[in-house]
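Reproduced below: model_29.cif, with mmCIF, C-alpha atoms; chains and numbers go by the auth columns.
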data_query
loop_
_atom_site.group_PDB
_atom_site.id
_atom_site.type_symbol
_atom_site.label_atom_id
_atom_site.label_comp_id
_atom_site.label_asym_id
_atom_site.label_seq_id
_atom_site.Cartn_x
_atom_site.Cartn_y
_atom_site.Cartn_z
_atom_site.B_iso_or_equiv
_atom_site.auth_seq_id
_atom_site.auth_asym_id
ATOM 1 C CA ASN A 1 -29.142 19.392 16.211 0.00 1 U
ATOM 2 C CA LEU A 2 -28.265 23.030 16.862 0.00 2 U
ATOM 3 C CA SER A 3 -29.983 22.898 20.248 0.00 3 U
ATOM 4 C CA LEU A 4 -28.026 19.783 21.271 0.00 4 U
ATOM 5 C CA ILE A 5 -24.739 21.507 20.397 0.00 5 U
ATOM 6 C CA GLN A 6 -25.772 24.629 22.340 0.00 6 U
ATOM 7 C CA LEU A 7 -26.837 22.633 25.404 0.00 7 U
ATOM 8 C CA TYR A 8 -23.612 20.623 25.255 0.00 8 U
ATOM 9 C CA ASN A 9 -21.648 23.898 25.267 0.00 9 U
ATOM 10 C CA GLY A 10 -23.630 25.357 28.164 0.00 10 U
ATOM 11 C CA GLU A 11 -25.649 27.850 26.112 0.00 11 U
ATOM 12 C CA PHE A 12 -28.771 26.773 27.957 0.00 12 U
ATOM 13 C CA LYS A 13 -31.061 29.707 27.195 0.00 13 U
ATOM 14 C CA LYS A 14 -30.544 29.476 23.421 0.00 14 U
ATOM 15 C CA GLY A 15 -30.398 25.703 23.499 0.00 15 U
ATOM 16 C CA PHE A 16 -33.750 25.242 25.198 0.00 16 U
ATOM 17 C CA VAL A 17 -35.444 27.655 22.766 0.00 17 U
ATOM 18 C CA ASN A 18 -34.207 25.601 19.823 0.00 18 U
ATOM 19 C CA TYR A 19 -34.986 22.343 21.639 0.00 19 U
ATOM 20 C CA ASN A 20 -38.682 23.136 21.099 0.00 20 U
ATOM 21 C CA SER A 21 -38.184 22.072 17.478 0.00 21 U
ATOM 22 C CA ARG A 22 -38.018 18.427 18.622 0.00 22 U
ATOM 23 C CA LEU A 23 -41.806 18.465 18.866 0.00 23 U
ATOM 24 C CA LYS A 24 -42.041 18.809 15.080 0.00 24 U
ATOM 25 C CA PHE A 25 -40.592 15.319 14.595 0.00 25 U
ATOM 26 C CA PRO A 26 -43.244 12.741 13.611 0.00 26 U
ATOM 27 C CA SER A 27 -41.904 10.318 16.237 0.00 27 U
ATOM 28 C CA LEU A 28 -42.800 12.854 18.951 0.00 28 U
ATOM 29 C CA THR A 29 -45.947 14.398 17.505 0.00 29 U
ATOM 30 C CA LYS A 30 -47.641 10.995 17.548 0.00 30 U
ATOM 31 C CA ASN A 31 -47.328 10.981 21.365 0.00 31 U
ATOM 32 C CA LYS A 32 -48.717 14.484 21.840 0.00 32 U
ATOM 33 C CA ILE A 33 -51.967 14.619 23.762 0.00 33 U
ATOM 34 C CA GLN A 34 -54.808 16.171 21.815 0.00 34 U
ATOM 35 C CA THR A 35 -55.971 19.301 23.576 0.00 35 U
ATOM 36 C CA ASP A 36 -56.401 23.036 23.040 0.00 36 U
ATOM 37 C CA GLU A 37 -55.733 23.786 26.702 0.00 37 U
ATOM 38 C CA PRO A 38 -52.731 25.998 27.535 0.00 38 U
ATOM 39 C CA ILE A 39 -49.168 24.928 28.257 0.00 39 U
ATOM 40 C CA TRP A 40 -48.151 25.246 31.914 0.00 40 U
ATOM 41 C CA SER A 41 -45.020 26.941 33.223 0.00 41 U
ATOM 42 C CA PRO A 42 -43.908 27.920 36.755 0.00 42 U
ATOM 43 C CA LEU A 43 -44.937 31.501 35.926 0.00 43 U
ATOM 44 C CA VAL A 44 -48.518 30.421 35.213 0.00 44 U
ATOM 45 C CA LYS A 45 -50.995 29.899 38.025 0.00 45 U
ATOM 46 C CA ILE A 46 -52.255 26.324 38.263 0.00 46 U
ATOM 47 C CA LYS A 47 -55.965 26.326 37.506 0.00 47 U
ATOM 48 C CA ASN A 48 -56.745 22.827 38.681 0.00 48 U
ATOM 49 C CA GLN A 49 -54.785 19.927 37.222 0.00 49 U
ATOM 50 C CA VAL A 50 -51.599 19.992 35.158 0.00 50 U
ATOM 51 C CA ILE A 51 -51.025 16.953 32.945 0.00 51 U
ATOM 52 C CA ILE A 52 -47.381 16.157 32.208 0.00 52 U
ATOM 53 C CA TRP A 53 -47.176 13.787 29.276 0.00 53 U
ATOM 54 C CA PRO A 54 -44.406 11.550 27.867 0.00 54 U
ATOM 55 C CA GLU A 55 -42.952 12.388 24.506 0.00 55 U
ATOM 56 C CA GLN A 56 -40.123 9.898 24.034 0.00 56 U
ATOM 57 C CA GLY A 57 -39.082 6.431 25.232 0.00 57 U
ATOM 58 C CA LEU A 58 -38.877 4.950 28.725 0.00 58 U
ATOM 59 C CA GLY A 59 -35.209 5.837 29.128 0.00 59 U
ATOM 60 C CA ASP A 60 -35.796 9.491 28.277 0.00 60 U
ATOM 61 C CA PHE A 61 -38.779 9.574 30.629 0.00 61 U
ATOM 62 C CA ILE A 62 -36.576 8.307 33.467 0.00 62 U
ATOM 63 C CA LEU A 63 -33.967 10.975 32.683 0.00 63 U
ATOM 64 C CA TYR A 64 -36.553 13.774 32.728 0.00 64 U
ATOM 65 C CA SER A 65 -38.292 12.483 35.860 0.00 65 U
ATOM 66 C CA ARG A 66 -35.497 13.923 38.020 0.00 66 U
ATOM 67 C CA PHE A 67 -37.268 17.277 37.605 0.00 67 U
ATOM 68 C CA PHE A 68 -40.373 16.069 39.449 0.00 68 U
ATOM 69 C CA ASN A 69 -38.513 17.028 42.618 0.00 69 U
ATOM 70 C CA ASP A 70 -38.452 20.631 41.337 0.00 70 U
ATOM 71 C CA LEU A 71 -42.187 20.940 40.806 0.00 71 U
ATOM 72 C CA PRO A 72 -43.997 23.407 43.094 0.00 72 U
ATOM 73 C CA SER A 73 -44.904 22.105 46.533 0.00 73 U
ATOM 74 C CA GLN A 74 -48.546 21.711 45.539 0.00 74 U
ATOM 75 C CA GLY A 75 -47.521 18.445 43.892 0.00 75 U
ATOM 76 C CA ASN A 76 -51.040 17.033 44.146 0.00 76 U
ATOM 77 C CA HIS A 77 -52.002 19.370 41.296 0.00 77 U
ATOM 78 C CA PHE A 78 -49.731 17.455 38.931 0.00 78 U
ATOM 79 C CA ARG A 79 -50.792 14.314 37.143 0.00 79 U
ATOM 80 C CA VAL A 80 -48.130 12.548 35.137 0.00 80 U
ATOM 81 C CA LEU A 81 -49.077 10.293 32.258 0.00 81 U
ATOM 82 C CA THR A 82 -46.661 7.380 32.191 0.00 82 U
ATOM 83 C CA HIS A 83 -46.164 3.816 31.016 0.00 83 U
ATOM 84 C CA PRO A 84 -47.556 1.125 33.368 0.00 84 U
ATOM 85 C CA LYS A 85 -44.066 -0.440 33.589 0.00 85 U
ATOM 86 C CA LEU A 86 -42.710 2.691 35.259 0.00 86 U
ATOM 87 C CA LYS A 87 -45.616 3.399 37.589 0.00 87 U
ATOM 88 C CA PRO A 88 -44.431 1.403 40.672 0.00 88 U
ATOM 89 C CA LEU A 89 -40.969 2.991 40.547 0.00 89 U
ATOM 90 C CA LEU A 90 -42.365 6.490 40.120 0.00 90 U
ATOM 91 C CA GLU A 91 -45.011 6.222 42.822 0.00 91 U
ATOM 92 C CA ARG A 92 -42.411 5.110 45.349 0.00 92 U
ATOM 93 C CA SER A 93 -39.978 7.836 44.323 0.00 93 U
ATOM 94 C CA PHE A 94 -42.384 10.778 44.040 0.00 94 U
ATOM 95 C CA PRO A 95 -45.274 10.101 46.453 0.00 95 U
ATOM 96 C CA LYS A 96 -46.758 13.607 46.126 0.00 96 U
ATOM 97 C CA ILE A 97 -47.467 13.219 42.417 0.00 97 U
ATOM 98 C CA ASN A 98 -50.389 11.349 40.910 0.00 98 U
ATOM 99 C CA PHE A 99 -49.192 8.976 38.167 0.00 99 U
ATOM 100 C CA ILE A 100 -51.732 7.808 35.615 0.00 100 U
ATOM 101 C CA THR A 101 -51.562 5.488 32.612 0.00 101 U
ATOM 102 C CA LYS A 102 -54.376 6.969 30.516 0.00 102 U
ATOM 103 C CA ILE A 103 -56.123 10.307 30.174 0.00 103 U
ATOM 104 C CA ASP A 104 -59.255 11.773 28.600 0.00 104 U
ATOM 105 C CA SER A 105 -58.870 15.140 26.875 0.00 105 U
ATOM 106 C CA ASP A 106 -61.743 16.639 28.882 0.00 106 U
ATOM 107 C CA GLU A 107 -59.733 16.077 32.086 0.00 107 U
ATOM 108 C CA ILE A 108 -56.992 18.480 30.979 0.00 108 U
ATOM 109 C CA ASP A 109 -56.815 22.060 32.297 0.00 109 U
ATOM 110 C CA GLN A 110 -53.147 22.709 31.568 0.00 110 U
ATOM 111 C CA HIS A 111 -50.458 20.435 30.194 0.00 111 U
ATOM 112 C CA LEU A 112 -46.735 20.117 29.529 0.00 112 U
ATOM 113 C CA PRO A 113 -44.487 17.727 27.571 0.00 113 U
ATOM 114 C CA ILE A 114 -42.033 16.212 30.045 0.00 114 U
ATOM 115 C CA GLY A 115 -39.054 17.373 27.980 0.00 115 U
ATOM 116 C CA ASP A 116 -39.945 20.992 28.756 0.00 116 U
ATOM 117 C CA LEU A 117 -39.236 20.610 32.478 0.00 117 U
ATOM 118 C CA ALA A 118 -35.477 20.990 32.075 0.00 118 U
ATOM 119 C CA LYS A 119 -35.674 24.531 30.679 0.00 119 U
ATOM 120 C CA PHE A 120 -37.381 25.769 33.849 0.00 120 U
ATOM 121 C CA TYR A 121 -34.678 24.542 36.211 0.00 121 U
ATOM 122 C CA ILE A 122 -31.398 24.300 34.277 0.00 122 U
ATOM 123 C CA ASN A 123 -29.478 27.532 33.743 0.00 123 U
ATOM 124 C CA ASN A 124 -25.900 26.308 34.116 0.00 124 U
ATOM 125 C CA PHE A 125 -23.839 23.154 34.630 0.00 125 U
ATOM 126 C CA ASN A 126 -24.106 23.445 38.421 0.00 126 U
ATOM 127 C CA ASP A 127 -27.883 23.099 38.065 0.00 127 U
ATOM 128 C CA VAL A 128 -27.249 19.840 36.202 0.00 128 U
ATOM 129 C CA LYS A 129 -24.874 18.540 38.888 0.00 129 U
ATOM 130 C CA LYS A 130 -27.360 19.345 41.664 0.00 130 U
ATOM 131 C CA ARG A 131 -29.843 16.996 40.007 0.00 131 U
ATOM 132 C CA SER A 132 -27.400 14.190 39.292 0.00 132 U
ATOM 133 C CA GLU A 133 -27.722 12.354 42.600 0.00 133 U
ATOM 134 C CA ALA A 134 -30.011 9.315 42.890 0.00 134 U
ATOM 135 C CA TYR A 135 -33.683 10.247 42.541 0.00 135 U
ATOM 136 C CA ILE A 136 -35.420 6.901 41.937 0.00 136 U
ATOM 137 C CA SER A 137 -36.115 4.640 44.946 0.00 137 U
ATOM 138 C CA VAL A 138 -36.011 0.856 44.626 0.00 138 U
ATOM 139 C CA ASN A 139 -38.016 -1.781 46.471 0.00 139 U
ATOM 140 C CA LYS A 140 -35.466 -2.657 49.176 0.00 140 U
ATOM 141 C CA THR A 141 -37.380 -5.707 50.381 0.00 141 U
ATOM 142 C CA ARG A 142 -37.353 -7.196 46.912 0.00 142 U
ATOM 143 C CA ALA A 143 -33.700 -6.255 46.431 0.00 143 U
ATOM 144 C CA LYS A 144 -32.853 -8.194 49.574 0.00 144 U
ATOM 145 C CA LYS A 145 -34.627 -11.301 48.251 0.00 145 U
ATOM 146 C CA ILE A 146 -32.869 -11.019 44.886 0.00 146 U
ATOM 147 C CA ASN A 147 -29.521 -10.629 46.613 0.00 147 U
ATOM 148 C CA GLN A 148 -30.024 -14.058 48.197 0.00 148 U
ATOM 149 C CA LEU A 149 -30.089 -15.575 44.695 0.00 149 U
ATOM 150 C CA LEU A 150 -26.595 -14.327 43.868 0.00 150 U
ATOM 151 C CA PRO A 151 -23.260 -15.953 44.725 0.00 151 U
ATOM 152 C CA GLU A 152 -21.419 -14.626 47.776 0.00 152 U
ATOM 153 C CA GLY A 153 -17.840 -13.481 47.983 0.00 153 U
ATOM 154 C CA LYS A 154 -17.426 -12.055 44.483 0.00 154 U
ATOM 155 C CA LYS A 155 -18.080 -8.725 42.826 0.00 155 U
ATOM 156 C CA ILE A 156 -21.393 -8.592 40.962 0.00 156 U
ATOM 157 C CA CYS A 157 -21.421 -6.674 37.677 0.00 157 U
ATOM 158 C CA GLY A 158 -24.693 -6.223 35.792 0.00 158 U
ATOM 159 C CA ILE A 159 -24.376 -5.983 32.013 0.00 159 U
ATOM 160 C CA SER A 160 -26.640 -4.860 29.187 0.00 160 U
ATOM 161 C CA TRP A 161 -25.351 -4.702 25.628 0.00 161 U
ATOM 162 C CA ILE A 162 -28.287 -4.259 23.242 0.00 162 U
ATOM 163 C CA SER A 163 -30.556 -1.313 22.459 0.00 163 U
ATOM 164 C CA ASN A 164 -33.923 -2.080 20.891 0.00 164 U
ATOM 165 C CA ASN A 165 -34.421 1.438 19.534 0.00 165 U
ATOM 166 C CA SER A 166 -35.990 0.904 16.113 0.00 166 U
ATOM 167 C CA LYS A 167 -33.983 3.675 14.424 0.00 167 U
ATOM 168 C CA ILE A 168 -30.588 3.842 16.107 0.00 168 U
ATOM 169 C CA GLY A 169 -30.490 0.759 18.324 0.00 169 U
ATOM 170 C CA LYS A 170 -28.234 -1.176 15.965 0.00 170 U
ATOM 171 C CA ASN A 171 -25.658 1.628 16.031 0.00 171 U
ATOM 172 C CA LYS A 172 -25.346 1.607 19.817 0.00 172 U
ATOM 173 C CA SER A 173 -25.563 -2.136 20.472 0.00 173 U
ATOM 174 C CA MET A 174 -22.725 -4.585 21.124 0.00 174 U
ATOM 175 C CA THR A 175 -22.251 -8.339 21.294 0.00 175 U
ATOM 176 C CA LEU A 176 -20.880 -10.423 24.144 0.00 176 U
ATOM 177 C CA GLU A 177 -17.874 -11.065 21.923 0.00 177 U
ATOM 178 C CA ASP A 178 -17.279 -7.297 21.811 0.00 178 U
ATOM 179 C CA MET A 179 -17.216 -7.356 25.635 0.00 179 U
ATOM 180 C CA ARG A 180 -14.981 -10.420 25.851 0.00 180 U
ATOM 181 C CA GLU A 181 -12.042 -8.746 27.630 0.00 181 U
ATOM 182 C CA LEU A 182 -14.361 -7.454 30.339 0.00 182 U
ATOM 183 C CA LEU A 183 -16.222 -10.735 30.729 0.00 183 U
ATOM 184 C CA LEU A 184 -13.010 -12.727 31.166 0.00 184 U
ATOM 185 C CA LEU A 185 -11.960 -10.723 34.225 0.00 185 U
ATOM 186 C CA PRO A 186 -11.412 -13.047 37.210 0.00 186 U
ATOM 187 C CA ASP A 187 -13.397 -12.944 40.464 0.00 187 U
ATOM 188 C CA VAL A 188 -16.364 -11.120 38.907 0.00 188 U
ATOM 189 C CA ILE A 189 -19.862 -12.542 38.461 0.00 189 U
ATOM 190 C CA PHE A 190 -21.700 -11.038 35.490 0.00 190 U
ATOM 191 C CA VAL A 191 -25.492 -10.759 35.621 0.00 191 U
ATOM 192 C CA ASP A 192 -27.712 -10.337 32.563 0.00 192 U
ATOM 193 C CA LEU A 193 -29.729 -7.103 32.807 0.00 193 U
ATOM 194 C CA GLN A 194 -30.690 -7.198 29.137 0.00 194 U
ATOM 195 C CA TYR A 195 -34.414 -6.844 28.355 0.00 195 U
ATOM 196 C CA THR A 196 -34.173 -8.956 25.192 0.00 196 U
ATOM 197 C CA ASP A 197 -33.839 -12.750 24.906 0.00 197 U
ATOM 198 C CA THR A 198 -30.124 -13.456 25.238 0.00 198 U
ATOM 199 C CA SER A 199 -30.227 -17.188 26.024 0.00 199 U
ATOM 200 C CA GLU A 200 -28.606 -18.339 22.770 0.00 200 U
ATOM 201 C CA GLU A 201 -25.847 -15.734 22.862 0.00 201 U
ATOM 202 C CA ARG A 202 -25.064 -16.460 26.522 0.00 202 U
ATOM 203 C CA SER A 203 -24.990 -20.194 25.814 0.00 203 U
ATOM 204 C CA ASP A 204 -22.584 -19.746 22.889 0.00 204 U
ATOM 205 C CA PHE A 205 -20.319 -17.524 24.976 0.00 205 U
ATOM 206 C CA LYS A 206 -20.208 -20.077 27.788 0.00 206 U
ATOM 207 C CA LYS A 207 -19.311 -22.885 25.367 0.00 207 U
ATOM 208 C CA LYS A 208 -16.517 -20.789 23.865 0.00 208 U
ATOM 209 C CA TYR A 209 -15.008 -19.237 26.998 0.00 209 U
ATOM 210 C CA GLY A 210 -16.463 -21.092 29.984 0.00 210 U
ATOM 211 C CA VAL A 211 -18.012 -17.903 31.376 0.00 211 U
ATOM 212 C CA ASP A 212 -21.556 -18.260 32.705 0.00 212 U
ATOM 213 C CA ILE A 213 -23.462 -14.969 32.599 0.00 213 U
ATOM 214 C CA LEU A 214 -26.199 -15.332 35.188 0.00 214 U
ATOM 215 C CA LYS A 215 -29.824 -14.836 34.257 0.00 215 U
ATOM 216 C CA ILE A 216 -32.102 -14.153 37.235 0.00 216 U
ATOM 217 C CA ASN A 217 -35.354 -15.745 36.073 0.00 217 U
ATOM 218 C CA GLU A 218 -37.277 -14.351 39.044 0.00 218 U
ATOM 219 C CA VAL A 219 -37.109 -10.936 37.335 0.00 219 U
ATOM 220 C CA ASP A 220 -38.647 -10.245 33.926 0.00 220 U
ATOM 221 C CA ASN A 221 -36.181 -7.624 32.679 0.00 221 U
ATOM 222 C CA PHE A 222 -38.580 -6.442 29.979 0.00 222 U
ATOM 223 C CA ASN A 223 -41.935 -6.186 31.745 0.00 223 U
ATOM 224 C CA ASP A 224 -40.911 -5.821 35.402 0.00 224 U
ATOM 225 C CA LEU A 225 -38.869 -2.612 35.561 0.00 225 U
ATOM 226 C CA ASP A 226 -39.454 -2.351 39.301 0.00 226 U
ATOM 227 C CA GLY A 227 -37.826 -5.765 39.706 0.00 227 U
ATOM 228 C CA LEU A 228 -35.066 -4.818 37.275 0.00 228 U
ATOM 229 C CA ALA A 229 -34.272 -1.750 39.390 0.00 229 U
ATOM 230 C CA SER A 230 -34.015 -3.978 42.480 0.00 230 U
ATOM 231 C CA LEU A 231 -31.721 -6.366 40.593 0.00 231 U
ATOM 232 C CA ILE A 232 -29.517 -3.479 39.474 0.00 232 U
ATOM 233 C CA ASN A 233 -29.422 -2.227 43.042 0.00 233 U
ATOM 234 C CA VAL A 234 -27.772 -5.419 44.342 0.00 234 U
ATOM 235 C CA CYS A 235 -25.015 -5.246 41.724 0.00 235 U
ATOM 236 C CA ASP A 236 -21.708 -3.653 42.700 0.00 236 U
ATOM 237 C CA SER A 237 -21.561 -1.933 39.327 0.00 237 U
ATOM 238 C CA VAL A 238 -23.216 -1.864 35.914 0.00 238 U
ATOM 239 C CA VAL A 239 -21.739 -1.817 32.411 0.00 239 U
ATOM 240 C CA SER A 240 -24.262 -1.024 29.693 0.00 240 U
ATOM 241 C CA VAL A 241 -24.849 0.538 26.318 0.00 241 U
ATOM 242 C CA SER A 242 -27.260 3.467 26.123 0.00 242 U
ATOM 243 C CA ASN A 243 -30.690 1.972 26.772 0.00 243 U
ATOM 244 C CA THR A 244 -33.414 1.928 29.436 0.00 244 U
ATOM 245 C CA THR A 245 -31.274 -0.259 31.692 0.00 245 U
ATOM 246 C CA VAL A 246 -28.464 2.277 31.938 0.00 246 U
ATOM 247 C CA HIS A 247 -30.943 5.074 32.670 0.00 247 U
ATOM 248 C CA ILE A 248 -32.447 3.086 35.542 0.00 248 U
ATOM 249 C CA ALA A 249 -28.969 2.339 36.886 0.00 249 U
ATOM 250 C CA GLY A 250 -27.992 5.992 36.852 0.00 250 U
ATOM 251 C CA SER A 251 -31.276 7.153 38.374 0.00 251 U
ATOM 252 C CA ILE A 252 -30.912 4.888 41.423 0.00 252 U
ATOM 253 C CA GLY A 253 -27.297 5.984 41.953 0.00 253 U
ATOM 254 C CA LYS A 254 -25.570 2.752 40.961 0.00 254 U
ATOM 255 C CA LYS A 255 -21.932 3.011 39.833 0.00 255 U
ATOM 256 C CA THR A 256 -22.376 2.736 36.086 0.00 256 U
ATOM 257 C CA TYR A 257 -20.099 2.559 33.075 0.00 257 U
ATOM 258 C CA LEU A 258 -21.780 3.679 29.848 0.00 258 U
ATOM 259 C CA MET A 259 -20.483 2.130 26.636 0.00 259 U
ATOM 260 C CA THR A 260 -20.955 4.718 23.907 0.00 260 U
ATOM 261 C CA PRO A 261 -20.437 4.258 20.163 0.00 261 U
ATOM 262 C CA LYS A 262 -18.443 7.513 19.921 0.00 262 U
#
Hey, can you dump this file as structure tokens for me?
Amino acid sequence: NLSLIQLYNGEFKKGFVNYNSRLKFPSLTKNKIQTDEPIWSPLVKIKNQVIIWPEQGLGDFILYSRFFNDLPSQGNHFRVLTHPKLKPLLERSFPKINFITKIDSDEIDQHLPIGDLAKFYINNFNDVKKRSEAYISVNKTRAKKINQLLPEGKKICGISWISNNSKIGKNKSMTLEDMRELLLLPDVIFVDLQYTDTSEERSDFKKKYGVDILKINEVDNFNDLDGLASLINVCDSVVSVSNTTVHIAGSIGKKTYLMTPK
């Protein structure tokens, strides 16, 4: 908590030192790869292969992946352990890096938790801004096909209103009723970007207000994140609570409005 306050206030050097304490949380230690090999940093010579491993959820992984562009030019020395859902997006966006979905401990020479990347490259707020442009590339061919499924002549707004986080998801989720004033705006088509089953809630909302929130069945919002990114890309804007959807939207440079509980 102290580190988050320090980082928020721009005390990056102190904040990143204290941010190391996150790795003591059981929710993160369970993801730690089991190895006695050394931690890598830009000041350490790469012996052979550096394994960068995920420590948090998909949304956090997407946020941290912006720093892959900062890795030394010998990008082929880096292997990034990631979730299969993210692999197509990452391979397209960072072609010099080898993305893997499983690892054996005897393959590790050096390693790094992905959350450590920020401390190497962020010293001030300008460093943050420099890395806040789009850094994830979508499948443009697929986006074009999805676009043909949407109505013409109206603004398209993608929406996502639920977080499935087991601990804090309930606190940062909304209902369609909570978003009623937005959803009743004229001349806007709303598209469901939610990765949970929303059919009943959407049906109830349509019966009550006559607003049909489109569900693009050609994209599995939960399992097909590459398709979800393409769907987000064809929207004019996105309104979402803090979840994986909003992180994808931000990473591809889509105009995004984040609904926070604070």
| query | If we count all atoms listed in the file, what is near Gln34 in chain U at a cut-off of 12 Å, once residues fewer than 6 positions away on the same chain are taken out, given as a PyMOL selection string? | reply | chain U and resi 51+53+103-108+110-113
Would you put the residues from that selection into a file with C-alpha atoms, as a compact mmCIF listing (two decimals), keeping the file's coordinate frame?
# COMPACT_ATOMS: atom_id res chain seq x y z
CA ILE U 51 -51.02 16.95 32.94
CA TRP U 53 -47.18 13.79 29.28
CA ILE U 103 -56.12 10.31 30.17
CA ASP U 104 -59.26 11.77 28.60
CA SER U 105 -58.87 15.14 26.88
CA ASP U 106 -61.74 16.64 28.88
CA GLU U 107 -59.73 16.08 32.09
CA ILE U 108 -56.99 18.48 30.98
CA GLN U 110 -53.15 22.71 31.57
CA HIS U 111 -50.46 20.43 30.19
CA LEU U 112 -46.74 20.12 29.53
CA PRO U 113 -44.49 17.73 27.57
Ground truth for the PyMOL selection byres ((chain U and resi 123) around 6), written as an mmCIF file with C-alpha atoms, in the frame of the given file:
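Now in result-v8.cif:
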data_model
loop_
_atom_site.group_PDB
_atom_site.id
_atom_site.type_symbol
_atom_site.label_atom_id
_atom_site.label_comp_id
_atom_site.auth_asym_id
_atom_site.auth_seq_id
_atom_site.Cartn_x
_atom_site.Cartn_y
_atom_site.Cartn_z
ATOM 1 C CA PHE U 12 -28.771 26.773 27.957
ATOM 2 C CA ILE U 122 -31.398 24.300 34.277
ATOM 3 C CA ASN U 124 -25.900 26.308 34.116
#
| request: Using the chain letters and residue numbers of this document, give as a ChimeraX atom specification the residues selected by the PyMOL selection byres ((chain U and resi 189-204) around 6). | output: /U:156-160,188,205-207,213-215,221-222
| Hey, can you pull every residue with an atom no more than 9 Å from (-38.9, 21.2, 33.6), using only C-alpha atoms, and send it as a PyMOL selection string? | chain U and resi 41-42+64+67-68+70-71+112-122
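Closest to Leu63 in chain U among U:Asp109, U:Asp236, U:Glu133, U:Glu37 is U:Glu133, based on only C-alpha atoms.
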| request: Could you tell me which residues the PyMOL selection byres ((chain U and resi 102) around 9) returns for this structure, as a VMD selection string? | output: chain U and resid 81 to 83 100 to 101 103 to 104
| Polymer residues at most 6 Å from range 13-27 of chain U, only C-alpha atoms, same-chain spacing of 4 or more positions, as a PyMOL selection string | chain U and resi 3+6-7+119
Can I get the selected residues back with C-alpha atoms, as a PDB file, in the frame of the given file?
ATOM      1  CA  SER U   3     -29.983  22.898  20.248  1.00  0.00           C
ATOM      2  CA  GLN U   6     -25.772  24.629  22.340  1.00  0.00           C
ATOM      3  CA  LEU U   7     -26.837  22.633  25.404  1.00  0.00           C
ATOM      4  CA  LYS U 119     -35.674  24.531  30.679  1.00  0.00           C
TER       5      LYS U 119
END
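Counting from CA of Phe78 in chain U, the distance to CA of Gln49 in chain U is 5.9 Å.
You can rank U:Ile97, U:Ile232, U:Met179, U:Leu2 by their closest distance to Ile216 in chain U using only C-alpha atoms, and at the top of that list sits U:Ile232.
Shortest separation to Lys30 in chain U among U:Asn48, U:Gln56, U:Thr245, U:Gln148 occurs at residue U:Gln56, atoms counted being all atoms listed in the file.
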So that all listed atoms of range 130-141 of chain U fit with 4 Å spare on each side, what axis-aligned box centre and edge lengths in Å, to one decimal, would you give as JSON?
{"center_x": -32.7, "center_y": 6.8, "center_z": 44.8, "size_x": 18.7, "size_y": 33.1, "size_z": 19.1}
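Each of U:Ser237, U:Asn165, U:Ser137, U:Ser173 was checked against Ile252 in chain U using all atoms listed in the file; the smallest atom-to-atom distance is that of U:Ser137.
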| query | Pick from U:Val211, U:Val80, U:Val246, U:Val50: nearest to Leu176 in chain U, with only C-alpha atoms counted? | reply | U:Val211
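When CA of Ala229 in chain U is paired with CA of Leu58 in chain U, their separation reads 13.4 Å.
For the pair CA of Ser251 in chain U and CA of Arg131 in chain U, the separation is 10.1 Å.
Shortest separation to Gly153 in chain U among U:Val44, U:Asp224, U:Asp187, U:Tyr135 occurs at residue U:Asp187, atoms counted being only C-alpha atoms.
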| All residues 10 Å or closer to Ile62 in chain U, all atoms listed in the file, same chain fewer than 2 positions away omitted, as a ChimeraX atom specification | /U:57-60,64-67,86,89-90,135-136,244,247-248,250-251
